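Below is run.txt, which holds compact mmCIF, C-alpha atoms.
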```
# COMPACT_ATOMS: atom_id res chain seq x y z
CA MET S 13 108.99 64.20 110.08
CA VAL S 14 106.17 66.67 109.45
CA LYS S 15 104.14 65.92 106.33
CA ALA S 16 102.81 69.01 104.58
CA LEU S 17 100.36 69.44 101.72
CA VAL S 18 100.39 72.45 99.41
CA LEU S 19 96.98 72.43 97.72
CA TYR S 20 96.43 75.19 95.19
CA HIS S 21 94.89 76.10 91.85
CA SER S 22 96.83 77.73 89.04
CA GLN S 23 96.40 77.77 85.31
CA GLU S 24 96.54 80.70 82.92
CA PHE S 25 99.36 82.89 84.24
CA GLY S 26 101.02 80.60 86.80
CA ASN S 27 101.15 83.26 89.52
CA THR S 28 99.59 81.07 92.20
CA LYS S 29 101.91 78.22 91.16
CA GLU S 30 104.96 80.44 91.77
CA MET S 31 103.63 81.22 95.22
CA ALA S 32 102.94 77.52 95.92
CA GLU S 33 106.52 76.67 94.93
CA ALA S 34 107.87 79.34 97.30
CA ILE S 35 105.69 78.03 100.17
CA THR S 36 107.02 74.54 99.38
CA GLU S 37 110.60 75.81 99.51
CA GLY S 38 109.96 77.24 102.98
CA LEU S 39 108.37 74.01 104.21
CA GLN S 40 111.22 71.91 102.85
CA ALA S 41 113.87 74.25 104.28
CA ALA S 42 112.24 73.64 107.67
CA GLY S 43 112.53 69.87 107.18
CA CYS S 44 109.02 68.95 106.03
CA GLU S 45 108.17 66.17 103.63
CA THR S 46 106.02 68.06 101.14
CA THR S 47 103.37 67.11 98.59
CA ILE S 48 102.30 69.80 96.13
CA PHE S 49 99.00 69.41 94.23
CA ASN S 50 97.43 71.71 91.61
CA THR S 51 93.66 71.26 91.45
CA ASN S 52 93.76 72.43 87.84
CA GLU S 53 95.32 69.05 87.03
CA GLY S 54 92.80 66.92 88.91
CA ARG S 55 90.66 66.39 91.95
CA PHE S 56 92.52 65.89 95.22
CA ASN S 57 91.41 62.71 96.98
CA VAL S 58 90.24 63.93 100.38
CA ALA S 59 90.70 60.40 101.78
CA GLU S 60 94.47 61.10 101.58
CA PHE S 61 94.16 64.31 103.61
CA PRO S 62 94.40 62.74 107.10
CA GLN S 63 98.02 61.70 106.47
CA PHE S 64 99.15 65.34 106.41
CA ASP S 65 100.09 67.30 109.52
CA CYS S 66 99.55 70.73 107.96
CA VAL S 67 98.37 72.35 104.74
CA ALA S 68 98.84 75.46 102.62
CA PHE S 69 95.87 76.53 100.48
CA GLY S 70 96.33 78.81 97.48
CA SER S 71 93.91 80.25 94.95
CA PRO S 72 93.64 82.94 92.34
CA ASP S 73 90.86 85.46 92.87
CA TYR S 74 88.04 84.43 90.54
CA PHE S 75 85.30 87.06 90.83
CA SER S 76 86.16 87.48 94.54
CA TYR S 77 85.88 83.71 95.14
CA VAL S 78 88.18 80.69 95.31
CA ALA S 79 88.91 78.47 92.33
CA GLY S 80 86.45 75.62 91.80
CA GLY S 81 88.97 72.88 92.59
CA LEU S 82 89.49 74.23 96.10
CA LYS S 83 85.76 74.63 96.65
CA THR S 84 85.33 71.02 95.51
CA PHE S 85 87.98 69.96 98.03
CA MET S 86 86.07 71.68 100.83
CA ASP S 87 82.80 70.09 99.68
CA ASP S 88 84.50 66.67 99.74
CA HIS S 89 86.05 67.49 103.14
CA TYR S 90 82.63 68.34 104.56
CA ILE S 91 81.02 65.15 103.21
CA GLN S 92 83.82 62.93 104.54
CA ASP S 93 83.76 64.65 107.92
CA VAL S 94 80.04 64.98 108.57
CA ARG S 95 78.47 62.14 106.63
CA LYS S 96 81.16 59.48 106.53
CA GLY S 97 83.11 60.18 109.71
CA LEU S 98 86.61 60.08 108.22
CA LYS S 99 89.04 60.81 111.06
CA ASN S 100 91.88 63.36 111.23
CA LEU S 101 90.35 65.83 108.79
CA LYS S 102 90.37 68.73 111.26
CA GLY S 103 92.69 70.32 113.77
CA LYS S 104 95.48 71.00 111.28
CA PRO S 105 97.49 74.20 111.12
CA TYR S 106 97.15 75.87 107.74
CA VAL S 107 98.20 78.96 105.79
CA LEU S 108 96.58 80.84 102.93
CA PHE S 109 97.97 82.49 99.82
CA TYR S 110 96.30 84.05 96.80
CA SER S 111 96.92 85.94 93.59
CA HIS S 112 94.68 88.55 92.02
CA GLY S 113 94.44 91.07 89.25
CA GLY S 114 93.54 94.02 91.43
CA GLY S 115 90.79 93.08 93.85
CA GLY S 116 92.09 90.47 96.24
CA ARG S 117 88.77 90.02 97.99
CA VAL S 118 89.19 86.24 97.76
CA LYS S 119 91.25 86.58 100.97
CA ASP S 120 88.06 87.14 102.97
CA VAL S 121 86.34 84.10 101.45
CA MET S 122 89.39 81.91 102.04
CA THR S 123 89.70 83.04 105.65
CA SER S 124 86.12 81.95 106.28
CA LEU S 125 86.01 78.82 104.12
CA PHE S 126 89.16 77.04 105.31
CA LYS S 127 88.73 77.60 109.06
CA ARG S 128 86.89 74.27 109.15
CA VAL S 129 90.25 72.54 108.61
CA GLY S 130 91.94 73.83 111.75
CA THR S 131 93.88 76.86 112.89
CA MET S 132 95.25 79.48 110.53
CA VAL S 133 98.92 80.30 111.00
CA GLY S 134 100.23 83.75 110.13
CA GLU S 135 98.61 86.20 107.77
CA PRO S 136 97.49 85.30 104.24
CA VAL S 137 99.97 86.34 101.55
CA GLY S 138 98.60 87.98 98.43
CA SER S 139 100.13 88.95 95.12
CA GLN S 140 98.73 91.30 92.53
CA GLY S 141 99.83 89.67 89.32
CA LYS S 142 103.24 87.99 89.07
CA PRO S 143 104.76 87.50 92.53
CA SER S 144 107.62 89.90 93.21
CA PRO S 145 110.79 88.70 94.94
CA GLN S 146 109.37 90.19 98.17
CA VAL S 147 106.13 88.23 97.83
CA ARG S 148 108.04 85.02 97.10
CA GLU S 149 110.11 85.60 100.26
CA LYS S 150 106.93 86.18 102.29
CA CYS S 151 105.67 82.83 100.94
CA ARG S 152 108.89 81.05 101.93
CA ALA S 153 108.65 82.61 105.41
CA LEU S 154 104.99 81.54 105.67
CA GLY S 155 106.01 77.98 104.75
CA ARG S 156 108.63 77.98 107.51
CA GLU S 157 106.07 79.39 109.97
CA LEU S 158 103.62 76.62 109.06
CA ALA S 159 106.30 73.97 109.52
CA GLU S 160 107.11 75.33 112.96
CA ALA S 161 103.44 75.32 113.99
CA ALA S 162 102.97 71.75 112.74
CA SER S 163 106.05 70.51 114.57
CA LYS S 164 104.60 71.80 117.87
CA LYS S 165 101.33 69.88 117.42
```

Once you've parsed the file, please lay out its structure as structure tokens.
Amino acid sequence: MVKALVLYHSQEFGNTKEMAEAITEGLQAAGCETTIFNTNEGRFNVAEFPQFDCVAFGSPDYFSYVAGGLKTFMDDHYIQDVRKGLKNLKGKPYVLFYSHGGGGRVKDVMTSLFKRVGTMVGEPVGSQGKPSPQVREKCRALGRELAEAASKK
């Protein structure tokens, strides 16, 4: 069974959380065992990352940049990969999703920042404010697409 991680940050409005839940629904509908983790509630232990076959990263747009918890994850990922040699940190299929209040430029940062993890699947899904039913469906579809890519690995 494919093991998927949905790693995201959400706090004030919960828009990114709604998107993360929809991605999770898509992954689970495709048969994945899914772990969902909000970096607003703690620091994700990067030593657990190798157990996952694929990952979905989600962030609100904070001044055209990712939330600090996701940046911390990537810092930890880099240290474990380069300095400590932890295996199975790279080569994973991943997807991106983000919420914003009108700019949405975080998409460009995310596309660059997370490529170190592996290969991006599909197009990033964005939501201006509260995710509409159409955005939630795009997230579910992106989750299914990620599950399919991970099952072919």

Leaving out region 115-118 of chain S and any residue of its chain fewer than 5 positions from it, which residues lie within 10 Å of it when counting all atoms listed in the file, given as number ranges by chain?
S: 71-79, 109-110, 123, 138-140

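Near Ala68 (chain S), within 10 Å and counting only C-alpha atoms, sit S:Ala16, S:Leu17, S:Val18, S:Leu19, S:Tyr20, S:Ala32, S:Ile35, S:Thr36, S:Leu39, S:Ile48, S:Pro105, S:Tyr106, S:Val107, S:Leu108, S:Phe109, S:Met132, S:Val133, S:Leu154, S:Gly155, S:Leu158, not including residues fewer than 3 positions from it in the same chain.
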
CA of Thr28 (chain S) to CA of Val121 (chain S): how many Å, to one decimal?
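Taking CA of Thr28 (chain S) and CA of Val121 (chain S), their separation equals 16.4 Å.
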
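When all atoms listed in the file are used to compute distances to Val129 (chain S), the closest of the residues S:Ala159, S:Ala42, S:Leu101, S:Met31 turns out to be S:Leu101.
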
Measuring between all atoms listed in the file, which one of S:Thr46, S:Lys102, S:Arg152, S:Ser22 shows the shortest distance to Tyr90 (chain S)?
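Using all atoms listed in the file, Tyr90 (chain S) sits closest to S:Lys102.
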
Smallest atom-to-atom distance to Thr131 (chain S): which of S:Asp87, S:Asp65, S:Glu45, S:Asp93, using all atoms listed in the file?
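Between S:Asp87, S:Asp65, S:Glu45, S:Asp93, the residue approaching Thr131 (chain S) most closely is S:Asp65.
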
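In terms of minimum interatomic distance to Ala162 (chain S), S:Cys66 ranks closest within S:Cys44, S:Leu125, S:Leu82, S:Cys66, counting all atoms listed in the file.
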
Nearest to Glu160 (chain S) among S:Gln23, S:Phe56, S:Gly134, S:Gly70, with distances taken over all atoms listed in the file: which residue is it?
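Of S:Gln23, S:Phe56, S:Gly134, S:Gly70, the one nearest Glu160 (chain S) is S:Gly134, counting all atoms listed in the file.
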